[in-house]
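File shown: entry-v2.txt (compact mmCIF, C-alpha atoms and all ligand atoms).
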```txt
# COMPACT_ATOMS: atom_id res chain seq x y z
CA MET Q 54 -23.60 64.83 34.34
CA ALA Q 55 -24.00 61.81 36.57
CA GLY Q 56 -24.69 58.41 35.10
CA ALA Q 57 -24.64 59.04 31.37
CA PRO Q 58 -23.84 61.74 28.87
CA SER Q 59 -26.70 63.89 27.62
CA GLY Q 60 -27.15 66.31 24.74
CA ALA Q 61 -25.96 69.01 27.10
CA SER Q 62 -22.88 67.38 28.56
CA ALA Q 63 -20.55 64.42 28.87
CA ALA Q 64 -20.48 62.55 32.20
CA SER Q 65 -17.78 63.26 34.82
CA GLY Q 66 -14.50 64.62 33.47
CA TYR Q 67 -12.47 67.71 34.37
CA LEU Q 68 -9.33 69.09 32.82
CA LEU Q 69 -6.81 70.64 35.21
CA GLU Q 70 -4.31 72.74 33.28
CA THR Q 71 -1.29 74.11 35.13
CA PRO Q 72 1.52 76.00 33.36
CA GLY Q 73 3.44 72.72 32.88
CA VAL Q 74 1.00 69.83 33.12
CA THR Q 75 -2.47 68.88 31.87
CA LEU Q 76 -4.33 66.35 34.02
CA LEU Q 77 -7.65 64.71 33.23
CA ILE Q 78 -9.62 64.04 36.41
CA ASP Q 79 -12.19 61.27 35.78
CA CYS Q 80 -13.08 59.93 32.36
CA GLY Q 81 -16.81 59.27 32.21
CA PRO Q 82 -18.87 58.50 29.08
CA GLY Q 83 -18.58 61.25 26.46
CA VAL Q 84 -15.39 62.78 27.87
CA VAL Q 85 -13.04 61.47 25.17
CA ALA Q 86 -15.23 62.75 22.32
CA ALA Q 87 -15.47 66.14 24.08
CA LEU Q 88 -11.67 66.30 24.45
CA ALA Q 89 -11.11 65.22 20.85
CA LYS Q 90 -13.48 67.94 19.64
CA ARG Q 91 -11.30 70.53 21.39
CA ASP Q 92 -8.02 68.94 20.23
CA LYS Q 93 -7.04 68.15 23.84
CA LEU Q 94 -6.48 64.39 23.59
CA ARG Q 95 -2.81 64.65 22.66
CA LYS Q 96 -2.18 67.31 25.27
CA LEU Q 97 -2.93 65.10 28.28
CA ASP Q 98 -0.01 64.28 30.60
CA ALA Q 99 -1.83 61.99 33.08
CA VAL Q 100 -5.29 60.73 34.04
CA ILE Q 101 -6.58 60.49 37.62
CA ILE Q 102 -9.74 58.47 38.31
CA SER Q 103 -11.76 58.91 41.50
CA HIS Q 104 -13.46 55.50 41.50
CA ARG Q 105 -14.59 52.60 39.36
CA HIS Q 106 -18.23 53.57 38.81
CA ALA Q 107 -18.90 53.76 35.08
CA ASP Q 108 -19.89 57.42 35.07
CA HIS Q 109 -16.29 58.21 36.14
CA CYS Q 110 -14.22 55.74 34.13
CA ALA Q 111 -16.18 54.13 31.27
CA ASP Q 112 -14.39 56.21 28.63
CA LEU Q 113 -10.98 54.78 29.55
CA VAL Q 114 -11.50 52.21 26.78
CA ALA Q 115 -12.21 54.98 24.27
CA LEU Q 116 -9.16 56.87 25.54
CA ALA Q 117 -6.94 53.79 25.20
CA TYR Q 118 -8.10 53.18 21.63
CA ALA Q 119 -7.63 56.86 20.76
CA ARG Q 120 -4.06 56.74 22.10
CA LEU Q 121 -3.16 53.49 20.33
CA PHE Q 122 -4.80 53.66 16.93
CA PRO Q 123 -3.97 54.38 14.17
CA LYS Q 124 -0.58 55.62 15.40
CA PRO Q 125 0.44 54.81 18.99
CA LEU Q 126 1.07 57.77 21.27
CA PRO Q 127 3.39 57.52 24.29
CA PRO Q 128 1.87 55.76 27.33
CA LEU Q 129 -0.24 58.08 29.48
CA PRO Q 130 0.11 57.49 33.25
CA LEU Q 131 -3.18 56.52 34.90
CA PHE Q 132 -3.81 56.87 38.65
CA GLY Q 133 -6.73 55.84 40.84
CA PRO Q 134 -7.85 53.75 43.82
CA THR Q 135 -6.50 50.23 44.18
CA ASP Q 136 -9.75 48.58 43.20
CA MET Q 137 -9.47 50.07 39.70
CA LEU Q 138 -7.01 47.26 39.04
CA PRO Q 139 -9.57 44.48 38.37
CA VAL Q 140 -11.54 46.90 36.19
CA ILE Q 141 -8.46 47.59 34.08
CA GLU Q 142 -7.65 43.89 33.81
CA GLY Q 143 -11.25 43.17 32.84
CA LEU Q 144 -11.28 45.87 30.16
CA ASN Q 145 -7.98 44.55 28.81
CA ALA Q 146 -9.50 41.09 28.46
CA LEU Q 147 -12.82 42.25 27.03
CA PHE Q 148 -11.60 44.78 24.49
CA ALA Q 149 -8.29 43.35 23.31
CA ILE Q 150 -7.78 43.01 19.55
CA PRO Q 151 -5.21 40.18 19.30
CA SER Q 152 -4.55 40.76 15.59
CA LEU Q 153 -3.22 44.26 16.33
CA PRO Q 154 -0.07 44.06 18.47
CA SER Q 155 -0.67 47.50 20.04
CA LEU Q 156 -4.20 46.52 21.11
CA ARG Q 157 -3.49 43.15 22.73
CA GLN Q 158 -3.66 44.77 26.19
CA PRO Q 159 -5.20 48.12 25.24
CA LEU Q 160 -5.66 49.60 28.71
CA SER Q 161 -2.27 48.59 30.07
CA ALA Q 162 -0.44 49.58 26.88
CA ALA Q 163 -2.02 53.02 26.60
CA LEU Q 164 -2.62 53.85 30.26
CA PRO Q 165 -0.12 52.22 32.66
CA PHE Q 166 -1.79 52.21 36.06
CA THR Q 167 -0.39 53.26 39.43
CA PRO Q 168 -2.72 52.75 42.43
CA LEU Q 169 -3.22 55.56 44.95
CA ALA Q 170 -3.93 54.95 48.65
CA PRO Q 171 -6.28 57.00 50.81
CA GLU Q 172 -4.99 59.76 53.12
CA GLN Q 173 -1.68 60.05 51.28
CA ARG Q 174 0.37 62.73 49.54
CA TYR Q 175 1.72 62.24 46.03
CA ASP Q 176 3.63 64.09 43.37
CA ILE Q 177 2.01 63.63 39.97
CA LEU Q 178 4.43 64.96 37.34
CA GLY Q 179 5.38 67.81 39.66
CA VAL Q 180 1.80 68.53 40.82
CA ALA Q 181 1.19 67.86 44.53
CA LEU Q 182 -1.85 65.67 45.19
CA GLN Q 183 -3.54 64.56 48.42
CA THR Q 184 -6.15 61.82 48.73
CA HIS Q 185 -9.08 61.13 51.04
CA ARG Q 186 -11.42 58.13 51.01
CA THR Q 187 -15.05 59.23 50.84
CA GLN Q 188 -18.13 57.37 52.08
CA HIS Q 189 -19.37 55.77 48.87
CA PRO Q 190 -20.24 52.13 48.05
CA VAL Q 191 -16.87 51.46 46.34
CA GLU Q 192 -13.36 52.67 47.15
CA THR Q 193 -13.53 56.34 46.16
CA LEU Q 194 -10.89 59.03 46.49
CA ALA Q 195 -11.49 62.76 46.85
CA TYR Q 196 -8.53 64.74 45.56
CA LYS Q 197 -6.86 67.93 46.68
CA PHE Q 198 -4.37 69.94 44.60
CA PRO Q 199 -2.82 72.40 47.08
CA CYS Q 200 -0.71 74.18 44.44
CA VAL Q 201 -3.84 75.50 42.73
CA GLY Q 202 -6.13 75.49 45.79
CA LEU Q 203 -8.56 72.98 44.30
CA ALA Q 204 -10.43 70.15 46.03
CA TYR Q 205 -12.66 67.65 44.19
CA THR Q 206 -15.03 65.64 46.36
CA ALA Q 207 -15.64 62.85 43.84
CA ASP Q 208 -18.77 60.92 44.94
CA GLY Q 209 -19.56 60.57 48.63
CA ARG Q 210 -21.50 61.68 51.67
CA LEU Q 211 -20.93 64.86 53.60
CA THR Q 212 -18.81 63.89 56.60
CA PRO Q 213 -16.69 65.78 59.15
CA GLU Q 214 -13.64 64.07 57.64
CA LEU Q 215 -14.48 65.40 54.18
CA ILE Q 216 -14.88 68.91 55.59
CA ALA Q 217 -11.48 68.65 57.29
CA PHE Q 218 -9.91 67.36 54.07
CA VAL Q 219 -11.10 70.21 51.83
CA THR Q 220 -10.55 72.97 54.41
CA GLY Q 221 -8.04 75.49 53.12
CA CYS Q 222 -8.91 75.05 49.43
CA PRO Q 223 -10.39 78.22 47.90
CA THR Q 224 -12.06 76.31 45.05
CA LEU Q 225 -14.32 73.37 45.77
CA LEU Q 226 -15.63 71.10 43.00
CA ALA Q 227 -18.36 69.17 44.78
CA GLU Q 228 -20.90 66.59 43.77
CA ALA Q 229 -24.57 67.44 44.30
CA THR Q 230 -26.28 64.31 43.06
CA TYR Q 231 -29.59 65.09 44.72
CA LEU Q 232 -31.67 68.17 45.28
CA ALA Q 233 -32.13 69.01 48.93
CA SER Q 234 -35.85 69.42 48.26
CA THR Q 235 -36.29 65.79 47.18
CA GLU Q 236 -35.41 64.59 50.69
CA ALA Q 237 -33.63 61.46 49.45
CA ASP Q 238 -32.29 59.15 52.16
CA LEU Q 239 -28.55 59.21 51.54
CA THR Q 240 -27.39 57.48 54.70
CA THR Q 241 -26.24 54.35 52.90
CA HIS Q 242 -26.11 55.56 49.31
CA GLY Q 243 -23.09 57.84 49.65
CA HIS Q 244 -23.91 61.09 47.87
CA MET Q 245 -24.52 64.76 48.71
CA THR Q 246 -27.39 67.11 48.05
CA SER Q 247 -27.03 70.67 46.81
CA VAL Q 248 -27.33 71.92 50.38
CA ASP Q 249 -24.77 69.39 51.66
CA ALA Q 250 -22.31 70.74 49.08
CA ALA Q 251 -23.10 74.31 50.16
CA ARG Q 252 -22.53 73.36 53.80
CA LEU Q 253 -19.24 71.76 52.85
CA ALA Q 254 -18.16 75.00 51.15
CA ALA Q 255 -19.29 77.16 54.06
CA CYS Q 256 -17.74 74.97 56.77
CA SER Q 257 -14.44 74.60 54.94
CA GLY Q 258 -14.05 78.32 54.20
CA ALA Q 259 -14.07 77.92 50.39
CA ALA Q 260 -14.22 81.04 48.24
CA GLN Q 261 -16.08 79.40 45.35
CA LEU Q 262 -18.22 76.29 45.00
CA ILE Q 263 -18.65 74.51 41.68
CA LEU Q 264 -21.46 71.98 41.77
CA THR Q 265 -21.42 68.89 39.59
CA HIS Q 266 -22.80 65.34 39.06
CA PHE Q 267 -26.34 66.27 38.03
CA ALA Q 268 -28.86 64.00 36.33
CA THR Q 269 -30.45 66.69 34.10
CA SER Q 270 -29.92 70.31 33.08
CA GLU Q 271 -33.08 71.31 34.93
CA GLN Q 272 -31.79 69.71 38.12
CA MET Q 273 -28.53 71.60 37.66
CA LYS Q 274 -30.33 74.95 37.67
CA GLN Q 275 -32.39 74.06 40.72
CA SER Q 276 -29.36 72.69 42.53
CA VAL Q 277 -27.51 75.98 42.08
CA ARG Q 278 -30.54 77.91 43.37
CA GLU Q 279 -30.76 75.70 46.46
CA ALA Q 280 -27.03 75.87 47.17
CA GLN Q 281 -26.90 79.66 46.79
CA ARG Q 282 -29.32 80.05 49.70
CA CYS Q 283 -26.58 78.65 51.99
CA PHE Q 284 -23.48 79.65 50.04
CA GLY Q 285 -23.69 82.61 47.68
CA ALA Q 286 -20.63 81.82 45.55
CA ALA Q 287 -22.12 78.58 44.14
CA ARG Q 288 -22.29 77.84 40.43
CA ALA Q 289 -22.53 74.79 38.19
CA ALA Q 290 -19.74 72.98 36.36
CA GLU Q 291 -21.03 73.55 32.86
CA PRO Q 292 -19.49 71.99 29.74
CA LEU Q 293 -16.55 74.04 28.43
CA ALA Q 294 -16.65 76.31 31.46
CA CYS Q 295 -13.15 77.54 32.14
CA ILE Q 296 -12.42 78.39 35.74
CA THR Q 297 -9.37 80.33 36.88
CA LEU Q 298 -7.98 78.96 40.12
CA PRO Q 299 -6.71 81.67 42.43
CA GLY Q 300 -4.91 79.09 44.61
ZN ZN A 1 -20.02 56.70 42.27
ZN ZN A 2 -20.79 59.24 40.00
```

Written form, structure tokens:
Amino acid sequence: MAGAPSGASAASGYLLETPGVTLLIDCGPGVVAALAKRDKLRKLDAVIISHRHADHCADLVALAYARLFPKPLPPLPLFGPTDMLPVIEGLNALFAIPSLPSLRQPLSAALPFTPLAPEQRYDILGVALQTHRTQHPVETLAYKFPCVGLAYTADGRLTPELIAFVTGCPTLLAEATYLASTEADLTTHGHMTSVDAARLAACSGAAQLILTHFATSEQMKQSVREAQRCFGAARAAEPLACITLPG
């Protein structure tokens, strides 16, 4: 879900499990409780954040506490755009517990941060990663994982550059914040509609489109219906849905 968790779902958070590595992509409100419920918290190897909007990173505090208390777990590498840095420093200052040595700098202690630059290639614990800056009000990175053929748009407008970036990925995880039928003006807001996401999938040659970042369950259903008119292999990223990546 976009914005806040609901009874139906946490906010943005996706688990990418390869044979050797488990990566959490985004950590929005409700994600840590959902992971804990499925006994996945200790299985994470790294966390990658797309941008500093709360619906994508607000649960980093909960994750840091869960990793540090009562018994500290090894530091979990955290990656994201450069402007996550002041957010991390701010959270450290706001949520420190000076009387507990492990929680004096909770974010930095639990989740040591490495900034990622746009339009770069990285190796994250053996998993190849490529980045692209999207058109969104804050520094936002779309991510591509060529080894599993997955691209995640994060938040941002449909642009020719985004199409070029995701081209070649069979599986596209794309935001569809708005319904095409609501005719929202997205020129400065930096989001896609259901039909934008479908166009992105069609233009990039994707085999499957997974829509995400909805406000309500009802919107999710309508978004899938709208997208399927342009791109048949569209579905929603539902909680607990497990998707096999052919990549
Ligand atoms: Zn955003
Ligand atoms: Zn968002």

Counting all atoms listed in the file, the option among Q:Pro72, Q:Pro159, Q:Gly81, Q:Gly221 closest to ligand ZN 1 (chain A): Q:Gly81

From Q:Pro213, Q:Pro139, Q:Pro128, Q:Pro134, residue lying nearest Q:Asp249 [all atoms listed in the file]: Q:Pro213

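Near ligand ZN 2 (chain A), the residues found within 9 Å are Met54, Ala55, Gly56, Ala64, Ser65, Gly81, His104, His106, Ala107, Asp108, His109, Ala207, Asp208, Gly209, Glu228, Thr230, His244 and His266 of chain Q (criterion computed using all atoms listed in the file).
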
Nearest-residue call for Q:Leu76, choices Q:Ala259, Q:Cys295, Q:Leu131, Q:Leu226, using only C-alpha atoms: Q:Leu131

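Note that atom CA of Q:Met245 and atom CA of Q:Leu88 are 27.5 Å apart.
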
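Minimum atom-to-atom distances from Q:Leu160, Q:Ile101, Q:Ala217, Q:Val85 to Q:Leu182 were compared using only C-alpha atoms, and the lowest value belongs to Q:Ile101.
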
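Across the model, the gap from atom CA of Q:Ala163 to atom CA of Q:Pro127 is 7.4 Å.
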
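Taking only C-alpha atoms, the non-local environment of stretch 140-148 of chain Q within 9 Å (same-chain residues fewer than 3 positions away omitted) comprises Arg105, Leu113, Val114, Asp136, Met137, Leu156, Arg157, Gln158, Pro159, Leu160, Ser161 and Phe166 of chain Q.
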
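The neighbours of Q:Leu68 here are the residues that come within 8 Å of it, using all atoms listed in the file and leaving out any residue fewer than 4 positions away in the same chain; they are Thr75, Leu76, Leu77 and Ile78 of chain Q.
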